[in-house]
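Below you'll find the structure, written out as structure tokens, and then a few comments.
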Amino acid sequence: MKHIRTRIAPSPTGENLHIGNAYTALINYVVAKQNNGQFIIRIEDTDRTRFVEGSETRILASLDWLGIAHDEGPDIGGPHKPYRQSERLEIYKKFAEELVEKGHAYYCFCSPERLAQMRKDQESRHEPPMYDGKCRTNSRQQIADSRENGEKFVIRLKVPDEGTTTFTDLIRGEISFENKLIDDQVILKSDGFPTYHLGVVVDDHLMEISHIIRGEEWISSTPKHILLYQFFSWELPIYAHMPLLRNTDKSKLSKRKNPVWASWYKEQGFLPKAVVNYLATMAWAHPEGKELFSVDEMIQVFDLKNIQTTAPIFDIEKLRWMNGEYLRRSQKSKVKSQIYNFYNGKYEEDMIDKTVPLIIERIKTLAEYEAMAGFFFERPKELERPINEALLKITKEALASCDWNHEAMEKAIREATNKAGMKVRDVFMELRVAVTGKTVGPPLLESLEILGKKETLLRLKI
RNA sequence: GCCGCCAUCGUCUAGUGGCCUAGGACGGUUGAUUCUCAAUCAACAAACCGAGGGUUCGAAUCCCUCUGGCGGCACCA
């Protein structure tokens, strides 16, 4: 069987790893790992105008956070380095020129202005915007002259006027496009950088990528890539176009409408395992109907053919539920250190250790710890609502004289409450607000036990 | 406008011709428990399988048409 090699090819044009990229990364990773293959990261930084400093580092860090490890990449190298397209310019130039020599591509000297005007005209005529082929017919002499004059040029793919280009998508079946509707794509830009189309094909071939698993947004450019493979006489990889993650309004997941950066999920206190698990359930269902599973379990049973073709809506509510499940199923000691690390040492470890058992069932993300347990570390600056002193008095007296453990406190408070003829829940609520400042929180008496008698009585002004 | 992809509860999905009066999960609602909130447990509502035609003894499952949604149509990826 052919050696399996997959890849993701992010562009360092955003502030972090896009969650949609994390999604395709996961699938690529799983496919590679279940076949004992390699998962590669290649940085496609061919657009200098959109380049974002530091983006690559952050993308790699997020992938690492998610536990999606690569075998080859810009940071760790590999047999096909470099893994950054900006460092491979000579390669693309060579192949682009080879295509020109073979007659499958041509120099184009059209100015951006002319192209813009052309497209404008086409639009007004309700025609599809396409290059009109002006430079296709340039003579050798014309080309030589233009180049000698230092005119800027690009290299365009010469797409056949007739026939259709067909390819088989592993999860969608056969897809075909009429060649006459495919544009003469620019493959090498005037600045010497390749466009995506040349870059991917050349690198995927050179890096021996066997499966191209990417978002469905690429379906319509796939025929251009197929043509490129054919012109080079290279063996075609297997294609699988994943459904796109969507916003609630069904549009492609975007930062305008959704948190899309992997870093956001980290900052919000989501656990990487939960994020990955949730991502896995997008467009794919565990054969045994399991909702909660690890990447390793997924690797055992995953099959690309079972990927759903419909684009799923990314539902943060379900992710939150899943995160809560992971939190509750984790070992307490692990959660404790996760919380400690999440707050960067802002809260004492000792107090976190004591309070986690009380709040673990009440939070869905690490970031919720603060709202739930903040009162352990800091006196409430203000109370959520005013205190009924008469009600509070009952507990004050009971607490002042009883042993400091929650059983004793409970007994004392209940007795005092009954004697006063009041409702237990009302009395507890009064005490809760007085000590924690809030109407919602962990079990009160256990909390007070941890808080300590001194601090509690202080807050009660006894 | 042109090309392409897609179509089961609000959401994620199971379902590949009879096991479907369509199952599970999230979310929602109700109840139990309870010092609040959760967690937990129980129950309920929720898709007539986008619409219309076929094929078949029989279709969510196969075919066609339509409609809708989405994606693409750059010297961006």
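Chain labels A, B, ... are given in the sequence in which chains occur in the structure tokens; within each chain residues are numbered consecutively from 1, and ligands are likewise numbered from 1 in the order shown.
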
**Q.** At most 7 Å to chain B: residues in chain A, only C-alpha atoms (C1' of nucleotides), as an MDAnalysis selection string
**A.** chainID A and resid 11 47 126:129 154 186 189:190 196 217 220 251 282 285 291 309:310 315 318 361:362 424:425 428:429 439:441 444

Q: Within 7 Å of A:Thr165, counting only C-alpha atoms (C1' of nucleotides), which residues show up once you throw out same-chain ones fewer than 3 positions away? Write them as a ChimeraX atom specification, please.
A: /A:176-179,223

Q: From the DSSP assignment of the backbone, select every residue of stretch 62-206 of chain A that is alpha helix (DSSP H), and format the answer as a PyMOL selection string.
A: chain A and resi 62-66+89-102+112-124+140-148+196-206

How would the residues just chosen look if you wrote them out with C-alpha atoms as a short mmCIF file (atom, residue, chain, number, x, y, z; two decimals), in the first residue's frame?
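For reference, again16.cif as written:
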data_model
loop_
_atom_site.label_atom_id
_atom_site.label_comp_id
_atom_site.auth_asym_id
_atom_site.auth_seq_id
_atom_site.Cartn_x
_atom_site.Cartn_y
_atom_site.Cartn_z
CA SER A 62 -1.93 26.23 19.05
CA LEU A 63 -1.52 23.00 17.15
CA ASP A 64 0.82 21.86 19.87
CA TRP A 65 -1.70 22.89 22.53
CA LEU A 66 -4.33 20.79 20.79
CA LEU A 89 10.88 30.38 -4.68
CA GLU A 90 13.50 28.97 -7.04
CA ILE A 91 11.63 25.69 -7.19
CA TYR A 92 8.36 27.27 -8.28
CA LYS A 93 10.10 29.44 -10.82
CA LYS A 94 11.76 26.42 -12.35
CA PHE A 95 8.51 24.49 -12.64
CA ALA A 96 6.59 27.48 -13.94
CA GLU A 97 9.14 27.93 -16.68
CA GLU A 98 9.07 24.27 -17.46
CA LEU A 99 5.36 24.63 -18.05
CA VAL A 100 5.93 27.56 -20.39
CA GLU A 101 8.42 25.52 -22.37
CA LYS A 102 5.99 22.67 -22.66
CA PRO A 112 -3.50 45.24 -13.16
CA GLU A 113 -5.42 48.22 -14.53
CA ARG A 114 -6.27 46.47 -17.75
CA LEU A 115 -7.37 43.38 -15.86
CA ALA A 116 -9.56 45.43 -13.56
CA GLN A 117 -11.17 47.20 -16.49
CA MET A 118 -11.67 43.89 -18.26
CA ARG A 119 -13.42 42.40 -15.27
CA LYS A 120 -15.57 45.48 -14.88
CA ASP A 121 -16.70 45.21 -18.49
CA GLN A 122 -17.41 41.54 -18.12
CA GLU A 123 -19.47 42.17 -15.06
CA SER A 124 -21.56 44.80 -16.81
CA ARG A 140 8.29 34.92 -29.21
CA GLN A 141 9.56 38.26 -30.37
CA GLN A 142 6.92 40.22 -28.48
CA ILE A 143 7.72 38.33 -25.32
CA ALA A 144 11.41 38.85 -25.71
CA ASP A 145 10.93 42.56 -26.33
CA SER A 146 8.65 43.04 -23.38
CA ARG A 147 11.02 41.23 -21.07
CA GLU A 148 13.91 43.24 -22.35
CA TYR A 196 -1.51 29.04 -4.15
CA HIS A 197 -2.28 26.83 -7.13
CA LEU A 198 1.29 26.35 -8.25
CA GLY A 199 2.62 26.25 -4.72
CA VAL A 200 0.37 23.48 -3.46
CA VAL A 201 0.73 21.26 -6.45
CA VAL A 202 4.49 21.50 -6.65
CA ASP A 203 5.00 21.08 -2.93
CA ASP A 204 2.45 18.35 -2.46
CA HIS A 205 4.15 16.43 -5.20
CA LEU A 206 7.68 17.07 -4.00
#

Q | Residues near B:C48, cut-off 12 Å, only C-alpha atoms (C1' of nucleotides), skip fewer than 5 positions along chain, as a list in words | A | U8, C9, C20, U21, A22 and A60 of chain B

Please dump the current selection as a PDB file, in the first residue's frame; keep N, CA and C atoms (P, O5', C5', C4', C3', O3' and C1' of nucleotides).
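Result file is again_27.pdb:
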ATOM      1  P     U B   8     -30.546  17.818   6.192  1.00  0.00           P
ATOM      2  O5'   U B   8     -31.617  16.981   7.011  1.00  0.00           O
ATOM      3  C5'   U B   8     -32.921  16.819   6.476  1.00  0.00           C
ATOM      4  C4'   U B   8     -33.686  15.894   7.367  1.00  0.00           C
ATOM      5  C3'   U B   8     -33.661  16.241   8.848  1.00  0.00           C
ATOM      6  O3'   U B   8     -34.623  17.217   9.159  1.00  0.00           O
ATOM      7  C1'   U B   8     -33.227  13.941   8.575  1.00  0.00           C
ATOM      8  P     C B   9     -34.147  18.498   9.928  1.00  0.00           P
ATOM      9  O5'   C B   9     -34.587  18.148  11.430  1.00  0.00           O
ATOM     10  C5'   C B   9     -34.489  19.175  12.444  1.00  0.00           C
ATOM     11  C4'   C B   9     -35.470  18.838  13.525  1.00  0.00           C
ATOM     12  C3'   C B   9     -35.345  19.712  14.798  1.00  0.00           C
ATOM     13  O3'   C B   9     -36.435  20.618  14.905  1.00  0.00           O
ATOM     14  C1'   C B   9     -35.693  17.412  15.306  1.00  0.00           C
ATOM     15  P     C B  20     -37.600  -0.049  14.122  1.00  0.00           P
ATOM     16  O5'   C B  20     -38.364   1.202  13.620  1.00  0.00           O
ATOM     17  C5'   C B  20     -39.755   1.298  13.349  1.00  0.00           C
ATOM     18  C4'   C B  20     -39.927   2.490  12.414  1.00  0.00           C
ATOM     19  C3'   C B  20     -40.087   2.099  10.947  1.00  0.00           C
ATOM     20  O3'   C B  20     -41.404   2.372  10.451  1.00  0.00           O
ATOM     21  C1'   C B  20     -38.397   3.785  11.251  1.00  0.00           C
ATOM     22  P     U B  21     -42.685   2.395  11.162  1.00  0.00           P
ATOM     23  O5'   U B  21     -42.646   3.798  11.948  1.00  0.00           O
ATOM     24  C5'   U B  21     -43.322   4.897  11.390  1.00  0.00           C
ATOM     25  C4'   U B  21     -44.253   5.483  12.405  1.00  0.00           C
ATOM     26  C3'   U B  21     -43.579   5.994  13.672  1.00  0.00           C
ATOM     27  O3'   U B  21     -43.074   7.283  13.470  1.00  0.00           O
ATOM     28  C1'   U B  21     -45.529   4.780  14.243  1.00  0.00           C
ATOM     29  P     A B  22     -41.805   7.839  14.291  1.00  0.00           P
ATOM     30  O5'   A B  22     -40.573   7.218  13.499  1.00  0.00           O
ATOM     31  C5'   A B  22     -39.799   6.148  14.050  1.00  0.00           C
ATOM     32  C4'   A B  22     -38.354   6.378  13.734  1.00  0.00           C
ATOM     33  C3'   A B  22     -37.705   7.528  14.521  1.00  0.00           C
ATOM     34  O3'   A B  22     -37.205   7.067  15.749  1.00  0.00           O
ATOM     35  C1'   A B  22     -37.260   7.805  12.223  1.00  0.00           C
ATOM     36  P     A B  60     -39.882   6.508   3.459  1.00  0.00           P
ATOM     37  O5'   A B  60     -38.694   7.509   3.084  1.00  0.00           O
ATOM     38  C5'   A B  60     -38.755   8.899   3.332  1.00  0.00           C
ATOM     39  C4'   A B  60     -37.370   9.480   3.363  1.00  0.00           C
ATOM     40  C3'   A B  60     -36.370   8.794   2.437  1.00  0.00           C
ATOM     41  O3'   A B  60     -36.392   9.410   1.177  1.00  0.00           O
ATOM     42  C1'   A B  60     -35.470   8.950   4.628  1.00  0.00           C
TER      43        A B  60
END

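Our summary of the geometry notes that atom CA of A:Asn36 is positioned 12.8 Å from atom CA of A:Ser210.
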
Q.
Please return, as a ChimeraX atom specification, all residues of stretch 84-200 of chain A that DSSP assigns to strand (DSSP E) on the basis of the backbone.
A. /A:105-108,154-157,164-169,173-178,186-188

Residue subset to file, keeping C-alpha atoms, as a PDB file, in the first residue's frame:
ATOM      1  CA  ALA A 105       1.632  28.154 -19.570  1.00  0.00           C
ATOM      2  CA  TYR A 106       2.500  31.576 -20.934  1.00  0.00           C
ATOM      3  CA  TYR A 107       3.879  34.952 -19.991  1.00  0.00           C
ATOM      4  CA  CYS A 108       1.299  37.635 -19.451  1.00  0.00           C
ATOM      5  CA  VAL A 154       3.126  36.893 -14.587  1.00  0.00           C
ATOM      6  CA  ILE A 155       2.907  33.327 -15.773  1.00  0.00           C
ATOM      7  CA  ARG A 156      -0.538  32.015 -16.517  1.00  0.00           C
ATOM      8  CA  LEU A 157      -1.772  28.488 -16.873  1.00  0.00           C
ATOM      9  CA  THR A 164     -13.714  18.554 -19.075  1.00  0.00           C
ATOM     10  CA  THR A 165     -11.543  17.949 -16.084  1.00  0.00           C
ATOM     11  CA  THR A 166     -12.775  15.317 -13.714  1.00  0.00           C
ATOM     12  CA  PHE A 167     -11.532  14.065 -10.404  1.00  0.00           C
ATOM     13  CA  THR A 168     -12.757  11.724  -7.733  1.00  0.00           C
ATOM     14  CA  ASP A 169     -13.309  13.084  -4.297  1.00  0.00           C
ATOM     15  CA  GLY A 173     -17.502  10.976  -5.581  1.00  0.00           C
ATOM     16  CA  GLU A 174     -16.815  12.193  -9.074  1.00  0.00           C
ATOM     17  CA  ILE A 175     -16.786  15.924  -9.722  1.00  0.00           C
ATOM     18  CA  SER A 176     -16.200  17.483 -13.103  1.00  0.00           C
ATOM     19  CA  PHE A 177     -15.768  20.910 -14.603  1.00  0.00           C
ATOM     20  CA  GLU A 178     -15.835  22.130 -18.142  1.00  0.00           C
ATOM     21  CA  VAL A 186      -1.876  33.145 -12.667  1.00  0.00           C
ATOM     22  CA  ILE A 187       0.546  30.600 -11.282  1.00  0.00           C
ATOM     23  CA  LEU A 188       3.586  32.792 -10.820  1.00  0.00           C
TER      24      LEU A 188
END
